[in-house]
Amino acid sequence: MKEPSERFIRWDVYVPRTDKQLRWIDAVFFTVDCDKQYVKQSLINHDNYPSTIVICRQTIHSTV
């Protein structure tokens with residue numbers, strides 16, 4: 001069985017602030033076969049995130 005970090009990717013979700021900085025609002029996990037556009041559209045269309053969100057893929061390193 002694979003480690004969870006091998007099956008899922010963490011995506012950090014940000015919203016732009018008025019001063020053009022990004023504010024972190026959430027971390028979400030999707031399977032490795034989901035690309036950036038799919039993750040963003042899923043969050044907007046199904047979870048009601050604002051369309052201005054910025055998402056960043058995070059690398060999870062196993063300590064095992």
# chains A, B, ... in the order shown; residues from 1 in each chain; ligands from 1
$ select_by_dssp --residues "chain A" --states "alpha helix (DSSP H)" --output "PyMOL selection string"
chain A and resi 4-7+36-47
$ write_last_selection --atoms "N, CA and C atoms" --output "PDB file, in the first residue's frame"
ATOM      1  N   PRO A   4       0.146   7.855   2.109  1.00  0.00           N
ATOM      2  CA  PRO A   4      -0.809   8.895   1.702  1.00  0.00           C
ATOM      3  C   PRO A   4      -0.164  10.009   0.886  1.00  0.00           C
ATOM      4  N   SER A   5       1.071  10.368   1.198  1.00  0.00           N
ATOM      5  CA  SER A   5       1.737  11.441   0.471  1.00  0.00           C
ATOM      6  C   SER A   5       1.997  11.068  -0.984  1.00  0.00           C
ATOM      7  N   GLU A   6       1.955   9.778  -1.318  1.00  0.00           N
ATOM      8  CA  GLU A   6       2.168   9.337  -2.687  1.00  0.00           C
ATOM      9  C   GLU A   6       0.867   9.312  -3.480  1.00  0.00           C
ATOM     10  N   ARG A   7      -0.262   9.338  -2.815  1.00  0.00           N
ATOM     11  CA  ARG A   7      -1.552   9.248  -3.495  1.00  0.00           C
ATOM     12  C   ARG A   7      -2.276  10.585  -3.594  1.00  0.00           C
ATOM     13  N   LYS A  36      -3.779  21.356 -11.867  1.00  0.00           N
ATOM     14  CA  LYS A  36      -4.054  22.642 -11.228  1.00  0.00           C
ATOM     15  C   LYS A  36      -5.397  23.234 -11.662  1.00  0.00           C
ATOM     16  N   GLN A  37      -5.680  23.190 -12.950  1.00  0.00           N
ATOM     17  CA  GLN A  37      -6.931  23.755 -13.455  1.00  0.00           C
ATOM     18  C   GLN A  37      -8.146  23.001 -12.901  1.00  0.00           C
ATOM     19  N   TYR A  38      -8.046  21.676 -12.843  1.00  0.00           N
ATOM     20  CA  TYR A  38      -9.148  20.875 -12.293  1.00  0.00           C
ATOM     21  C   TYR A  38      -9.390  21.225 -10.819  1.00  0.00           C
ATOM     22  N   VAL A  39      -8.308  21.331 -10.057  1.00  0.00           N
ATOM     23  CA  VAL A  39      -8.432  21.642  -8.629  1.00  0.00           C
ATOM     24  C   VAL A  39      -9.097  23.005  -8.448  1.00  0.00           C
ATOM     25  N   LYS A  40      -8.627  23.995  -9.175  1.00  0.00           N
ATOM     26  CA  LYS A  40      -9.191  25.344  -9.050  1.00  0.00           C
ATOM     27  C   LYS A  40     -10.671  25.364  -9.427  1.00  0.00           C
ATOM     28  N   GLN A  41     -11.021  24.783 -10.556  1.00  0.00           N
ATOM     29  CA  GLN A  41     -12.413  24.784 -10.994  1.00  0.00           C
ATOM     30  C   GLN A  41     -13.308  24.012 -10.028  1.00  0.00           C
ATOM     31  N   SER A  42     -12.800  22.938  -9.467  1.00  0.00           N
ATOM     32  CA  SER A  42     -13.564  22.170  -8.495  1.00  0.00           C
ATOM     33  C   SER A  42     -13.855  23.003  -7.243  1.00  0.00           C
ATOM     34  N   LEU A  43     -12.854  23.720  -6.775  1.00  0.00           N
ATOM     35  CA  LEU A  43     -13.049  24.561  -5.597  1.00  0.00           C
ATOM     36  C   LEU A  43     -14.035  25.692  -5.868  1.00  0.00           C
ATOM     37  N   ILE A  44     -13.975  26.251  -7.052  1.00  0.00           N
ATOM     38  CA  ILE A  44     -14.882  27.350  -7.411  1.00  0.00           C
ATOM     39  C   ILE A  44     -16.302  26.830  -7.642  1.00  0.00           C
ATOM     40  N   ASN A  45     -16.425  25.796  -8.447  1.00  0.00           N
ATOM     41  CA  ASN A  45     -17.754  25.318  -8.852  1.00  0.00           C
ATOM     42  C   ASN A  45     -18.482  24.493  -7.794  1.00  0.00           C
ATOM     43  N   HIS A  46     -17.747  23.719  -7.016  1.00  0.00           N
ATOM     44  CA  HIS A  46     -18.405  22.801  -6.078  1.00  0.00           C
ATOM     45  C   HIS A  46     -18.325  23.247  -4.622  1.00  0.00           C
ATOM     46  N   ASP A  47     -17.309  24.030  -4.301  1.00  0.00           N
ATOM     47  CA  ASP A  47     -17.107  24.425  -2.909  1.00  0.00           C
ATOM     48  C   ASP A  47     -17.305  25.915  -2.671  1.00  0.00           C
TER      49      ASP A  47
END
$ closest_residue --among "A:Arg23, A:Val13, A:Thr18, A:Phe30" --to "Ile53 (chain A)" --atoms "only C-alpha atoms"
A:Val13
$ select_by_dssp --residues "chain A" --states "strand (DSSP E or B)" --output "list of chain:residue names"
A:Phe8, A:Ile9, A:Arg10, A:Trp11, A:Asp12, A:Val13, A:Tyr14, A:Val15, A:Pro16, A:Leu22, A:Arg23, A:Trp24, A:Ile25, A:Asp26, A:Ala27, A:Val28, A:Phe29, A:Phe30, A:Thr31, A:Val54, A:Ile55, A:Cys56, A:Arg57, A:Gln58
$ write_last_selection --atoms "N, CA, C and O atoms" --output "short mmCIF file (atom, residue, chain, number, x, y, z; two decimals), in the first residue's frame"
data_model
loop_
_atom_site.label_atom_id
_atom_site.label_comp_id
_atom_site.auth_asym_id
_atom_site.auth_seq_id
_atom_site.Cartn_x
_atom_site.Cartn_y
_atom_site.Cartn_z
N PHE A 8 -1.90 11.53 -2.74
CA PHE A 8 -2.57 12.82 -2.69
C PHE A 8 -1.57 13.96 -2.77
O PHE A 8 -0.44 13.83 -2.33
N ILE A 9 -2.03 15.07 -3.32
CA ILE A 9 -1.23 16.28 -3.39
C ILE A 9 -1.94 17.35 -2.56
O ILE A 9 -3.15 17.52 -2.65
N ARG A 10 -1.16 18.06 -1.78
CA ARG A 10 -1.70 19.18 -1.01
C ARG A 10 -1.64 20.43 -1.89
O ARG A 10 -0.63 20.72 -2.52
N TRP A 11 -2.73 21.15 -1.92
CA TRP A 11 -2.81 22.43 -2.62
C TRP A 11 -3.15 23.50 -1.60
O TRP A 11 -4.13 23.37 -0.87
N ASP A 12 -2.33 24.53 -1.51
CA ASP A 12 -2.65 25.67 -0.65
C ASP A 12 -3.49 26.65 -1.45
O ASP A 12 -3.23 26.90 -2.64
N VAL A 13 -4.51 27.18 -0.80
CA VAL A 13 -5.46 28.08 -1.46
C VAL A 13 -5.28 29.48 -0.86
O VAL A 13 -5.28 29.65 0.35
N TYR A 14 -5.15 30.45 -1.75
CA TYR A 14 -4.96 31.85 -1.36
C TYR A 14 -6.00 32.73 -2.04
O TYR A 14 -6.49 32.39 -3.12
N VAL A 15 -6.28 33.88 -1.43
CA VAL A 15 -7.08 34.92 -2.09
C VAL A 15 -6.24 36.19 -2.10
O VAL A 15 -5.53 36.49 -1.14
N PRO A 16 -6.34 36.95 -3.19
CA PRO A 16 -5.63 38.22 -3.25
C PRO A 16 -6.24 39.24 -2.29
O PRO A 16 -7.46 39.32 -2.16
N LEU A 22 -1.07 37.95 -1.12
CA LEU A 22 -1.97 36.79 -1.04
C LEU A 22 -2.20 36.41 0.40
O LEU A 22 -1.26 36.43 1.21
N ARG A 23 -3.43 36.04 0.71
CA ARG A 23 -3.78 35.58 2.06
C ARG A 23 -4.14 34.10 1.96
O ARG A 23 -5.03 33.70 1.21
N TRP A 24 -3.43 33.28 2.74
CA TRP A 24 -3.72 31.84 2.77
C TRP A 24 -5.07 31.63 3.44
O TRP A 24 -5.35 32.21 4.49
N ILE A 25 -5.92 30.79 2.82
CA ILE A 25 -7.23 30.52 3.42
C ILE A 25 -7.49 29.04 3.68
O ILE A 25 -8.33 28.70 4.49
N ASP A 26 -6.76 28.15 3.01
CA ASP A 26 -7.07 26.73 3.18
C ASP A 26 -5.96 25.87 2.57
O ASP A 26 -5.18 26.33 1.75
N ALA A 27 -5.98 24.62 2.98
CA ALA A 27 -5.17 23.58 2.35
C ALA A 27 -6.13 22.46 1.98
O ALA A 27 -6.96 22.06 2.80
N VAL A 28 -6.05 22.00 0.75
CA VAL A 28 -6.95 20.95 0.27
C VAL A 28 -6.11 19.83 -0.32
O VAL A 28 -4.96 20.05 -0.73
N PHE A 29 -6.67 18.64 -0.38
CA PHE A 29 -5.96 17.48 -0.91
C PHE A 29 -6.75 16.86 -2.04
O PHE A 29 -7.95 16.64 -1.92
N PHE A 30 -6.06 16.61 -3.14
CA PHE A 30 -6.64 15.95 -4.30
C PHE A 30 -5.71 14.82 -4.71
O PHE A 30 -4.51 14.85 -4.41
N THR A 31 -6.25 13.84 -5.41
CA THR A 31 -5.41 12.74 -5.89
C THR A 31 -4.38 13.26 -6.90
O THR A 31 -4.56 14.32 -7.50
N VAL A 54 -6.04 31.70 -5.84
CA VAL A 54 -4.76 31.25 -6.40
C VAL A 54 -4.41 29.98 -5.66
O VAL A 54 -4.49 29.93 -4.42
N ILE A 55 -4.03 28.94 -6.39
CA ILE A 55 -3.67 27.69 -5.73
C ILE A 55 -2.22 27.35 -6.05
O ILE A 55 -1.72 27.64 -7.14
N CYS A 56 -1.56 26.76 -5.07
CA CYS A 56 -0.16 26.37 -5.22
C CYS A 56 0.00 24.94 -4.75
O CYS A 56 -0.39 24.58 -3.63
N ARG A 57 0.60 24.14 -5.60
CA ARG A 57 0.84 22.74 -5.27
C ARG A 57 2.00 22.66 -4.29
O ARG A 57 3.02 23.32 -4.45
N GLN A 58 1.83 21.82 -3.27
CA GLN A 58 2.87 21.65 -2.25
C GLN A 58 3.44 20.24 -2.33
O GLN A 58 2.72 19.29 -2.59
#
$ decode --residues "region 36-48 of chain A" --atoms "all heavy atoms" --output "PDB file, in the first residue's frame"
ATOM      1  N   LYS A  36      -3.779  21.356 -11.867  1.00  0.00           N
ATOM      2  CA  LYS A  36      -4.054  22.642 -11.228  1.00  0.00           C
ATOM      3  C   LYS A  36      -5.397  23.234 -11.662  1.00  0.00           C
ATOM      4  O   LYS A  36      -6.161  23.733 -10.835  1.00  0.00           O
ATOM      5  CB  LYS A  36      -2.921  23.616 -11.545  1.00  0.00           C
ATOM      6  CG  LYS A  36      -3.015  24.928 -10.840  1.00  0.00           C
ATOM      7  CD  LYS A  36      -1.787  25.766 -11.120  1.00  0.00           C
ATOM      8  CE  LYS A  36      -1.799  27.016 -10.267  1.00  0.00           C
ATOM      9  NZ  LYS A  36      -0.550  27.767 -10.382  1.00  0.00           N
ATOM     10  N   GLN A  37      -5.680  23.190 -12.950  1.00  0.00           N
ATOM     11  CA  GLN A  37      -6.931  23.755 -13.455  1.00  0.00           C
ATOM     12  C   GLN A  37      -8.146  23.001 -12.901  1.00  0.00           C
ATOM     13  O   GLN A  37      -9.140  23.598 -12.519  1.00  0.00           O
ATOM     14  CB  GLN A  37      -6.947  23.736 -14.986  1.00  0.00           C
ATOM     15  CG  GLN A  37      -8.138  24.447 -15.583  1.00  0.00           C
ATOM     16  CD  GLN A  37      -8.195  25.928 -15.213  1.00  0.00           C
ATOM     17  OE1 GLN A  37      -7.181  26.578 -15.019  1.00  0.00           O
ATOM     18  NE2 GLN A  37      -9.398  26.453 -15.114  1.00  0.00           N
ATOM     19  N   TYR A  38      -8.046  21.676 -12.843  1.00  0.00           N
ATOM     20  CA  TYR A  38      -9.148  20.875 -12.293  1.00  0.00           C
ATOM     21  C   TYR A  38      -9.390  21.225 -10.819  1.00  0.00           C
ATOM     22  O   TYR A  38     -10.529  21.400 -10.391  1.00  0.00           O
ATOM     23  CB  TYR A  38      -8.848  19.380 -12.436  1.00  0.00           C
ATOM     24  CG  TYR A  38      -9.912  18.534 -11.788  1.00  0.00           C
ATOM     25  CD1 TYR A  38     -11.074  18.205 -12.472  1.00  0.00           C
ATOM     26  CD2 TYR A  38      -9.770  18.081 -10.473  1.00  0.00           C
ATOM     27  CE1 TYR A  38     -12.071  17.449 -11.864  1.00  0.00           C
ATOM     28  CE2 TYR A  38     -10.759  17.328  -9.861  1.00  0.00           C
ATOM     29  CZ  TYR A  38     -11.908  17.017 -10.562  1.00  0.00           C
ATOM     30  OH  TYR A  38     -12.883  16.285  -9.956  1.00  0.00           O
ATOM     31  N   VAL A  39      -8.308  21.331 -10.057  1.00  0.00           N
ATOM     32  CA  VAL A  39      -8.432  21.642  -8.629  1.00  0.00           C
ATOM     33  C   VAL A  39      -9.097  23.005  -8.448  1.00  0.00           C
ATOM     34  O   VAL A  39     -10.054  23.153  -7.683  1.00  0.00           O
ATOM     35  CB  VAL A  39      -7.057  21.600  -7.935  1.00  0.00           C
ATOM     36  CG1 VAL A  39      -7.149  22.114  -6.506  1.00  0.00           C
ATOM     37  CG2 VAL A  39      -6.491  20.182  -7.962  1.00  0.00           C
ATOM     38  N   LYS A  40      -8.627  23.995  -9.175  1.00  0.00           N
ATOM     39  CA  LYS A  40      -9.191  25.344  -9.050  1.00  0.00           C
ATOM     40  C   LYS A  40     -10.671  25.364  -9.427  1.00  0.00           C
ATOM     41  O   LYS A  40     -11.501  25.907  -8.685  1.00  0.00           O
ATOM     42  CB  LYS A  40      -8.409  26.331  -9.909  1.00  0.00           C
ATOM     43  CG  LYS A  40      -8.911  27.748  -9.759  1.00  0.00           C
ATOM     44  CD  LYS A  40      -8.055  28.734 -10.518  1.00  0.00           C
ATOM     45  CE  LYS A  40      -8.594  30.142 -10.327  1.00  0.00           C
ATOM     46  NZ  LYS A  40      -7.727  31.151 -10.920  1.00  0.00           N
ATOM     47  N   GLN A  41     -11.021  24.783 -10.556  1.00  0.00           N
ATOM     48  CA  GLN A  41     -12.413  24.784 -10.994  1.00  0.00           C
ATOM     49  C   GLN A  41     -13.308  24.012 -10.028  1.00  0.00           C
ATOM     50  O   GLN A  41     -14.449  24.405  -9.775  1.00  0.00           O
ATOM     51  CB  GLN A  41     -12.539  24.211 -12.406  1.00  0.00           C
ATOM     52  CG  GLN A  41     -12.040  25.152 -13.466  1.00  0.00           C
ATOM     53  CD  GLN A  41     -12.715  26.511 -13.398  1.00  0.00           C
ATOM     54  OE1 GLN A  41     -13.934  26.625 -13.338  1.00  0.00           O
ATOM     55  NE2 GLN A  41     -11.920  27.563 -13.385  1.00  0.00           N
ATOM     56  N   SER A  42     -12.800  22.938  -9.467  1.00  0.00           N
ATOM     57  CA  SER A  42     -13.564  22.170  -8.495  1.00  0.00           C
ATOM     58  C   SER A  42     -13.855  23.003  -7.243  1.00  0.00           C
ATOM     59  O   SER A  42     -14.976  23.009  -6.731  1.00  0.00           O
ATOM     60  CB  SER A  42     -12.792  20.901  -8.117  1.00  0.00           C
ATOM     61  OG  SER A  42     -13.477  20.193  -7.118  1.00  0.00           O
ATOM     62  N   LEU A  43     -12.854  23.720  -6.775  1.00  0.00           N
ATOM     63  CA  LEU A  43     -13.049  24.561  -5.597  1.00  0.00           C
ATOM     64  C   LEU A  43     -14.035  25.692  -5.868  1.00  0.00           C
ATOM     65  O   LEU A  43     -14.866  26.028  -5.019  1.00  0.00           O
ATOM     66  CB  LEU A  43     -11.704  25.127  -5.133  1.00  0.00           C
ATOM     67  CG  LEU A  43     -10.715  24.101  -4.584  1.00  0.00           C
ATOM     68  CD1 LEU A  43      -9.364  24.753  -4.331  1.00  0.00           C
ATOM     69  CD2 LEU A  43     -11.242  23.435  -3.327  1.00  0.00           C
ATOM     70  N   ILE A  44     -13.975  26.251  -7.052  1.00  0.00           N
ATOM     71  CA  ILE A  44     -14.882  27.350  -7.411  1.00  0.00           C
ATOM     72  C   ILE A  44     -16.302  26.830  -7.642  1.00  0.00           C
ATOM     73  O   ILE A  44     -17.264  27.353  -7.079  1.00  0.00           O
ATOM     74  CB  ILE A  44     -14.363  28.088  -8.661  1.00  0.00           C
ATOM     75  CG1 ILE A  44     -13.055  28.821  -8.332  1.00  0.00           C
ATOM     76  CG2 ILE A  44     -15.416  29.064  -9.187  1.00  0.00           C
ATOM     77  CD1 ILE A  44     -12.311  29.323  -9.554  1.00  0.00           C
ATOM     78  N   ASN A  45     -16.425  25.796  -8.447  1.00  0.00           N
ATOM     79  CA  ASN A  45     -17.754  25.318  -8.852  1.00  0.00           C
ATOM     80  C   ASN A  45     -18.482  24.493  -7.794  1.00  0.00           C
ATOM     81  O   ASN A  45     -19.698  24.570  -7.690  1.00  0.00           O
ATOM     82  CB  ASN A  45     -17.646  24.489 -10.129  1.00  0.00           C
ATOM     83  CG  ASN A  45     -17.187  25.311 -11.310  1.00  0.00           C
ATOM     84  OD1 ASN A  45     -17.377  26.516 -11.350  1.00  0.00           O
ATOM     85  ND2 ASN A  45     -16.562  24.662 -12.266  1.00  0.00           N
ATOM     86  N   HIS A  46     -17.747  23.719  -7.016  1.00  0.00           N
ATOM     87  CA  HIS A  46     -18.405  22.801  -6.078  1.00  0.00           C
ATOM     88  C   HIS A  46     -18.325  23.247  -4.622  1.00  0.00           C
ATOM     89  O   HIS A  46     -19.154  22.852  -3.813  1.00  0.00           O
ATOM     90  CB  HIS A  46     -17.816  21.397  -6.213  1.00  0.00           C
ATOM     91  CG  HIS A  46     -17.981  20.828  -7.584  1.00  0.00           C
ATOM     92  ND1 HIS A  46     -19.203  20.434  -8.077  1.00  0.00           N
ATOM     93  CD2 HIS A  46     -17.086  20.617  -8.577  1.00  0.00           C
ATOM     94  CE1 HIS A  46     -19.052  19.988  -9.311  1.00  0.00           C
ATOM     95  NE2 HIS A  46     -17.778  20.094  -9.643  1.00  0.00           N
ATOM     96  N   ASP A  47     -17.309  24.030  -4.301  1.00  0.00           N
ATOM     97  CA  ASP A  47     -17.107  24.425  -2.909  1.00  0.00           C
ATOM     98  C   ASP A  47     -17.305  25.915  -2.671  1.00  0.00           C
ATOM     99  O   ASP A  47     -17.050  26.404  -1.571  1.00  0.00           O
ATOM    100  CB  ASP A  47     -15.720  23.995  -2.443  1.00  0.00           C
ATOM    101  CG  ASP A  47     -15.551  22.485  -2.508  1.00  0.00           C
ATOM    102  OD1 ASP A  47     -16.468  21.778  -2.056  1.00  0.00           O
ATOM    103  OD2 ASP A  47     -14.527  22.013  -3.024  1.00  0.00           O
ATOM    104  N   ASN A  48     -17.734  26.620  -3.730  1.00  0.00           N
ATOM    105  CA  ASN A  48     -18.060  28.045  -3.630  1.00  0.00           C
ATOM    106  C   ASN A  48     -16.906  28.946  -3.213  1.00  0.00           C
ATOM    107  O   ASN A  48     -17.114  29.975  -2.563  1.00  0.00           O
ATOM    108  CB  ASN A  48     -19.262  28.264  -2.710  1.00  0.00           C
ATOM    109  CG  ASN A  48     -20.506  27.628  -3.267  1.00  0.00           C
ATOM    110  OD1 ASN A  48     -20.772  27.718  -4.461  1.00  0.00           O
ATOM    111  ND2 ASN A  48     -21.261  26.964  -2.418  1.00  0.00           N
TER     112      ASN A  48
END
